[in-house]
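K.L.:
A single structure is presented below for examination.
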Amino acid sequence: MRPLSTGKLHTTFEFGDLTVTSLRDGYVDMPPTRLRDESGAPLAAVPQAVPLVDGRLRLSVNAFLITGPTAALLIDTGASNAWHPTMGSLLDALAEAGIDRRGITDVAITHNHEDHVNGLIAPDGTESFPALERVWIGAGDTSVFTGRLAPVRDRVVPITGKVAVNDHVTALPTPGHTDGHTVYEATSTTGRLLVWGDTVHVPSLQFDQPGTSWELDGDQPQARAARRALLEQLAEPGHYVAGAHLDSPGVGRVSRHTDGNGFSLDYLAPSIA
């Protein structure tokens, strides 16, 4: 996988017969007290290796467009204008990357939290993707399609198990953070890319210490188990990861520590939080 183009809000990678475009919706600052140890208690101390901005954790918010010979799929949509003002740049990111949002027919959502699904509706209240035909999301998370998101409810496709979204991408249920949390695996001629939502919130900590959880994980033990299983898979040859809260552009390779107790992430392009 190699970068083809980059800008303030996007990076496009060549990935065999696929193209992967990382789209930066923005960032959100969260209190370190959201981090949890394996007992569920707040961490006693945040390691010095974890960067803080004015005492808070800065999380990138990314979405990804996977384009193949026969189909394209947008994974996650950012927050639009529905949460923090530091987010909502997805449509600008698409434009910067030269992608016409009017051509997007399929959107896959990793889970139902604001910074992943609310971008289906643009700040002016219209649908962000006028040609939208399908919104893929874990069956446990479909209750979110009310109020603001009600206009797209008739196009929701609930995911109840491993299923092919198109010729290149397969949905893999990974409950824990939410009941319907889903990872999307893109398979190219040169490897496999796992696109996840909230499997990892703080990359400077949770690769090295995958037992560290997040306060908003609905089922912390289940989320920990899902994270470790995905990291074990990603450490195998030919695998890459793209993450909603990995430092933008959020694409890299995972390796296992020699002592077997943790993992490392190597970004494939210069990253910013």
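Going by the structure tokens order, chains are called A, B, ..., each with residues numbered from 1, while ligands are numbered from 1 in the order shown.
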Taking the DSSP assignment computed from this structure's backbone, write out as a CSV table (one decimal) with all heavy atoms, in the first residue's frame all residues of range 97-153 of chain A that belong to helix (DSSP H, G or I).

P.N.:
chain,number,residue,atom,x,y,z
A,101,ARG,N,-19.6,13.4,-4.1
A,101,ARG,CA,-20.5,12.8,-3.1
A,101,ARG,C,-21.8,12.3,-3.7
A,101,ARG,O,-22.5,11.4,-3.2
A,101,ARG,CB,-20.7,13.6,-1.9
A,101,ARG,CG,-21.5,14.9,-2.1
A,101,ARG,CD,-21.5,15.8,-0.9
A,101,ARG,NE,-22.1,17.1,-1.0
A,101,ARG,CZ,-23.3,17.4,-0.5
A,101,ARG,NH1,-24.0,16.5,0.1
A,101,ARG,NH2,-23.7,18.6,-0.7
A,102,ARG,N,-22.2,12.9,-4.8
A,102,ARG,CA,-23.4,12.6,-5.5
A,102,ARG,C,-23.4,11.2,-6.1
A,102,ARG,O,-24.4,10.6,-6.5
A,102,ARG,CB,-23.8,13.6,-6.6
A,102,ARG,CG,-24.1,15.0,-6.0
A,102,ARG,CD,-24.2,16.0,-7.1
A,102,ARG,NE,-23.0,16.2,-7.8
A,102,ARG,CZ,-22.8,17.0,-8.8
A,102,ARG,NH1,-23.8,17.8,-9.2
A,102,ARG,NH2,-21.6,17.1,-9.5
A,103,GLY,N,-22.1,10.6,-6.2
A,103,GLY,CA,-22.0,9.3,-6.8
A,103,GLY,C,-21.9,8.2,-5.8
A,103,GLY,O,-21.8,7.0,-6.2
A,114,GLU,N,-22.4,9.3,17.4
A,114,GLU,CA,-22.6,10.5,16.6
A,114,GLU,C,-21.5,10.7,15.6
A,114,GLU,O,-21.7,11.2,14.5
A,114,GLU,CB,-22.6,11.7,17.6
A,114,GLU,CG,-23.8,11.7,18.5
A,114,GLU,CD,-23.5,11.1,19.9
A,114,GLU,OE1,-22.6,10.2,19.9
A,114,GLU,OE2,-24.1,11.6,20.9
A,115,ASP,N,-20.2,10.5,16.0
A,115,ASP,CA,-19.1,10.8,15.2
A,115,ASP,C,-18.9,9.8,14.0
A,115,ASP,O,-17.9,9.9,13.3
A,115,ASP,CB,-17.8,11.0,16.0
A,115,ASP,CG,-17.6,9.8,17.0
A,115,ASP,OD1,-18.5,9.2,17.4
A,115,ASP,OD2,-16.4,9.6,17.3
A,116,HIS,N,-19.7,8.8,13.9
A,116,HIS,CA,-19.6,7.8,12.9
A,116,HIS,C,-20.8,7.9,11.9
A,116,HIS,O,-20.7,7.6,10.7
A,116,HIS,CB,-19.5,6.5,13.5
A,116,HIS,CG,-18.2,6.3,14.3
A,116,HIS,ND1,-17.0,5.8,13.9
A,116,HIS,CD2,-18.0,6.7,15.6
A,116,HIS,CE1,-16.2,5.9,14.9
A,116,HIS,NE2,-16.7,6.4,15.9
A,117,VAL,N,-22.0,8.2,12.4
A,117,VAL,CA,-23.2,8.1,11.6
A,117,VAL,C,-23.9,9.4,11.3
A,117,VAL,O,-24.6,9.5,10.3
A,117,VAL,CB,-24.2,7.1,12.4
A,117,VAL,CG1,-24.7,7.8,13.6
A,117,VAL,CG2,-25.3,6.6,11.5
A,118,ASN,N,-23.7,10.4,12.1
A,118,ASN,CA,-24.5,11.7,11.9
A,118,ASN,C,-24.1,12.4,10.6
A,118,ASN,O,-24.9,13.2,10.1
A,118,ASN,CB,-24.3,12.6,13.1
A,118,ASN,CG,-25.2,12.2,14.2
A,118,ASN,OD1,-26.1,11.4,14.1
A,118,ASN,ND2,-25.1,12.9,15.3
A,119,GLY,N,-23.0,12.1,10.0
A,119,GLY,CA,-22.6,12.7,8.7
A,119,GLY,C,-23.5,12.2,7.5
A,119,GLY,O,-23.3,12.7,6.4
A,120,LEU,N,-24.4,11.3,7.7
A,120,LEU,CA,-25.3,10.9,6.7
A,120,LEU,C,-26.2,12.1,6.3
A,120,LEU,O,-26.8,12.2,5.2
A,120,LEU,CB,-26.2,9.8,7.1
A,120,LEU,CG,-25.5,8.4,7.1
A,120,LEU,CD1,-26.3,7.4,7.9
A,120,LEU,CD2,-25.3,7.9,5.7
A,139,ALA,N,-27.0,-5.0,13.2
A,139,ALA,CA,-28.4,-5.1,13.5
A,139,ALA,C,-28.7,-4.5,14.9
A,139,ALA,O,-29.7,-3.9,15.2
A,139,ALA,CB,-28.9,-6.5,13.4
A,140,GLY,N,-27.7,-4.6,15.8
A,140,GLY,CA,-27.9,-4.1,17.2
A,140,GLY,C,-27.8,-2.6,17.3
A,140,GLY,O,-28.1,-2.1,18.4
A,141,ASP,N,-27.5,-1.9,16.3
A,141,ASP,CA,-27.3,-0.5,16.3
A,141,ASP,C,-28.4,0.3,15.5
A,141,ASP,O,-28.3,1.5,15.3
A,141,ASP,CB,-25.9,-0.1,15.9
A,141,ASP,CG,-24.9,-0.4,16.9
A,141,ASP,OD1,-25.2,-0.9,18.0
A,141,ASP,OD2,-23.7,-0.2,16.6
A,142,THR,N,-29.3,-0.4,14.9
A,142,THR,CA,-30.2,0.2,13.9
A,142,THR,C,-31.2,1.2,14.6
A,142,THR,O,-31.9,2.0,13.9
A,142,THR,CB,-31.0,-0.8,13.1
A,142,THR,OG1,-31.8,-1.7,14.0
A,142,THR,CG2,-30.1,-1.7,12.3
A,143,SER,N,-31.4,1.2,15.9
A,143,SER,CA,-32.3,2.1,16.5
A,143,SER,C,-31.9,3.5,16.4
A,143,SER,O,-32.8,4.4,16.7
A,143,SER,CB,-32.5,1.7,18.0
A,143,SER,OG,-31.3,1.8,18.7
A,144,VAL,N,-30.8,3.8,15.9
A,144,VAL,CA,-30.3,5.2,15.8
A,144,VAL,C,-31.0,6.0,14.7
A,144,VAL,O,-31.0,7.2,14.7
A,144,VAL,CB,-28.8,5.2,15.6
A,144,VAL,CG1,-28.4,4.8,14.2
A,144,VAL,CG2,-28.2,6.6,15.9
A,147,GLY,N,-35.4,10.7,14.3
A,147,GLY,CA,-35.0,12.1,14.4
A,147,GLY,C,-34.2,12.5,13.2
A,147,GLY,O,-34.6,12.4,12.0
A,148,ARG,N,-33.0,13.0,13.4
A,148,ARG,CA,-32.1,13.5,12.4
A,148,ARG,C,-31.9,12.5,11.3
A,148,ARG,O,-31.8,12.9,10.1
A,148,ARG,CB,-30.8,14.0,13.0
A,148,ARG,CG,-29.7,14.4,12.0
A,148,ARG,CD,-28.4,14.5,12.7
A,148,ARG,NE,-27.3,14.9,11.7
A,148,ARG,CZ,-27.0,16.1,11.5
A,148,ARG,NH1,-27.6,17.1,12.1
A,148,ARG,NH2,-26.0,16.4,10.6
A,149,LEU,N,-31.8,11.3,11.7
A,149,LEU,CA,-31.4,10.2,10.7
A,149,LEU,C,-32.6,9.5,10.1
A,149,LEU,O,-32.4,8.6,9.3
A,149,LEU,CB,-30.4,9.2,11.3
A,149,LEU,CG,-29.1,9.8,11.8
A,149,LEU,CD1,-28.3,8.7,12.6
A,149,LEU,CD2,-28.3,10.3,10.7
A,150,ALA,N,-33.8,9.9,10.5
A,150,ALA,CA,-35.0,9.2,10.0
A,150,ALA,C,-35.1,9.2,8.4
A,150,ALA,O,-35.6,8.2,7.9
A,150,ALA,CB,-36.2,9.8,10.6
A,151,PRO,N,-34.6,10.2,7.7
A,151,PRO,CA,-34.8,10.3,6.3
A,151,PRO,C,-34.1,9.1,5.5
A,151,PRO,O,-34.5,8.8,4.4
A,151,PRO,CB,-34.2,11.6,5.9
A,151,PRO,CG,-34.4,12.5,7.0
A,151,PRO,CD,-34.1,11.6,8.2
A,152,VAL,N,-33.1,8.5,6.1
A,152,VAL,CA,-32.4,7.4,5.5
A,152,VAL,C,-32.8,6.0,6.0
A,152,VAL,O,-32.3,5.0,5.6
A,152,VAL,CB,-30.9,7.5,5.5
A,152,VAL,CG1,-30.5,8.9,4.9
A,152,VAL,CG2,-30.4,7.4,6.9
A,153,ARG,N,-33.8,6.0,6.9
A,153,ARG,CA,-34.1,4.7,7.6
A,153,ARG,C,-34.6,3.6,6.6
A,153,ARG,O,-34.3,2.4,6.8
A,153,ARG,CB,-35.2,5.0,8.6
A,153,ARG,CG,-35.6,3.8,9.4
A,153,ARG,CD,-36.5,4.2,10.6
A,153,ARG,NE,-37.6,5.0,10.1
A,153,ARG,CZ,-38.3,5.9,10.9
A,153,ARG,NH1,-37.9,6.1,12.2
A,153,ARG,NH2,-39.2,6.6,10.4

K.L.:
So that each row is one residue of range 53-145 of chain A with an atom at most 12 Å from range 159-172 of chain A, can you give its shortest atom pair and the distance in Å to one decimal, using only C-alpha atoms, rows by chain and rising number, as a Markdown table?

P.N.:
| residue | atom | partner | partner_atom | distance |
| --- | --- | --- | --- | --- |
| A:Leu65 | CA | A:Val169 | CA | 11.2 |
| A:Ile66 | CA | A:Val169 | CA | 8.4 |
| A:Thr67 | CA | A:His168 | CA | 8.8 |
| A:Gly68 | CA | A:His168 | CA | 6.9 |
| A:Pro69 | CA | A:His168 | CA | 8.9 |
| A:Thr70 | CA | A:Asp167 | CA | 7.3 |
| A:Ala71 | CA | A:Asn166 | CA | 6.8 |
| A:Ala72 | CA | A:Asn166 | CA | 8.4 |
| A:Leu73 | CA | A:Val169 | CA | 8.2 |
| A:Leu74 | CA | A:Val169 | CA | 10.8 |
| A:Ile75 | CA | A:Val169 | CA | 10.5 |
| A:Thr105 | CA | A:Asn166 | CA | 11.8 |
| A:Asp106 | CA | A:Val165 | CA | 9.0 |
| A:Val107 | CA | A:Val165 | CA | 9.8 |
| A:Ala108 | CA | A:Val165 | CA | 8.5 |
| A:Ile109 | CA | A:Ala171 | CA | 10.0 |
| A:Thr110 | CA | A:Ala171 | CA | 9.3 |
| A:His111 | CA | A:Ile159 | CA | 11.1 |
| A:Arg134 | CA | A:Val165 | CA | 9.9 |
| A:Val135 | CA | A:Ile159 | CA | 10.1 |
| A:Trp136 | CA | A:Ile159 | CA | 6.7 |
| A:Ile137 | CA | A:Ile159 | CA | 5.7 |
| A:Gly138 | CA | A:Ile159 | CA | 4.5 |
| A:Ala139 | CA | A:Ile159 | CA | 5.1 |
| A:Gly140 | CA | A:Thr160 | CA | 8.3 |
| A:Asp141 | CA | A:Ile159 | CA | 9.4 |
| A:Thr142 | CA | A:Ile159 | CA | 9.4 |

K.L.:
How close does range 139-176 of chain A get to range 224-234 of chain A? List, as JSON lines, each residue of range 139-176 of chain A within 10 Å, its nearest atom pair and the distance in Å to one decimal, counting only C-alpha atoms.

P.N.:
{"residue": "A:Pro173", "atom": "CA", "partner": "A:Ala226", "partner_atom": "CA", "distance": 9.8}
{"residue": "A:Thr174", "atom": "CA", "partner": "A:Ala226", "partner_atom": "CA", "distance": 6.2}
{"residue": "A:Pro175", "atom": "CA", "partner": "A:Ala226", "partner_atom": "CA", "distance": 7.5}
{"residue": "A:Gly176", "atom": "CA", "partner": "A:Ala226", "partner_atom": "CA", "distance": 7.1}

K.L.:
Write the selection just made, keeping N, CA, C and O atoms, as a short mmCIF file (atom, residue, chain, number, x, y, z; two decimals), in the first residue's frame?

P.N.:
data_model
loop_
_atom_site.label_atom_id
_atom_site.label_comp_id
_atom_site.auth_asym_id
_atom_site.auth_seq_id
_atom_site.Cartn_x
_atom_site.Cartn_y
_atom_site.Cartn_z
N PRO A 173 -19.06 -8.72 12.16
CA PRO A 173 -19.55 -8.23 13.46
C PRO A 173 -18.50 -8.39 14.55
O PRO A 173 -17.89 -9.46 14.70
N THR A 174 -18.29 -7.32 15.34
CA THR A 174 -17.33 -7.33 16.45
C THR A 174 -17.95 -6.61 17.64
O THR A 174 -17.49 -5.54 18.03
N PRO A 175 -19.02 -7.14 18.21
CA PRO A 175 -19.69 -6.44 19.31
C PRO A 175 -18.79 -6.29 20.53
O PRO A 175 -17.82 -7.04 20.72
N GLY A 176 -19.12 -5.28 21.31
CA GLY A 176 -18.35 -4.98 22.52
C GLY A 176 -18.45 -3.50 22.81
O GLY A 176 -18.98 -3.08 23.84
#

K.L.:
Pick the closest to Thr189 in chain A from A:Gln48, A:Gly260, A:His239, A:Ile104: which is it, counting only C-alpha atoms?

P.N.:
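Answer, going by the shortest atom-to-atom distance: A:His239.
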
K.L.:
Apply DSSP to the backbone of this structure and, from range 1-247 of chain A, keep only the residues in strand (DSSP E); write these as an NGL selection string.

P.N.:
:A and (2-6 or 10-15 or 18-30 or 35-36 or 57-67 or 72-75 or 106-108 or 134-138 or 156-159 or 163-164 or 169-173 or 182-187 or 192-196 or 213-214 or 239-243)

K.L.:
Point out the residue among A:Gln209, A:Asn261, A:Ser255, A:Asn112 with the least atom-to-atom distance to Pro47 in chain A, counting only C-alpha atoms.

P.N.:
A:Gln209

K.L.:
Between A:Gly55, A:Gly16, A:Gly125, A:Gly197, which one has atoms that come closest to Thr33 in chain A, using only C-alpha atoms?

P.N.:
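Nearest to Thr33 in chain A: A:Gly55.
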
K.L.:
So that I can check the surroundings of Ser271 in chain A, please list as number ranges by chain every protein, DNA and RNA residue that reaches within 8 Å of it, counting only C-alpha atoms and ignoring chain neighbours fewer than 3 positions away.

P.N.:
A: 247-250, 267

K.L.:
Grab the residues selected above and save them as a compact mmCIF listing (two decimals), in the first residue's frame with C-alpha atoms.

P.N.:
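File again_19.txt, as written:
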# COMPACT_ATOMS: atom_id res chain seq x y z
CA ASP A 247 -4.03 9.52 14.07
CA SER A 248 -5.09 10.86 10.68
CA PRO A 249 -4.83 9.54 8.00
CA GLY A 250 -5.13 6.48 10.22
CA TYR A 267 1.68 4.43 10.07

K.L.:
Given the choices A:Pro31, A:Gly26, A:Pro130, A:Gly78, which gets closest to Leu43 in chain A if the distance is worked out from only C-alpha atoms?

P.N.:
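Closest candidate: A:Pro31.
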
K.L.:
Excluding Val202 in chain A and residues on its chain fewer than 2 positions from it, collect all residues at most 12 Å away from it, counting only C-alpha atoms, and give them as a VMD selection string.

P.N.:
chain A and resid 28 to 32 34 to 36 46 to 47 49 to 52 56 to 61 198 to 200 204 to 210 212 to 214 243 to 247 250 265 273

K.L.:
In Å to one decimal, how far is CA of Ala242 in chain A from CA of His84 in chain A?

P.N.:
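Taking CA of His84 in chain A as the start and CA of Ala242 in chain A as the end point, the length is 22.6 Å.
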
K.L.:
What's around Asn62 in chain A at 6 Å? Count only C-alpha atoms, leave out sequence neighbours fewer than 3 positions away in its own chain, and write the answer as a list in words.

P.N.:
Leu23, Arg24, Asp25 and Ala244 of chain A
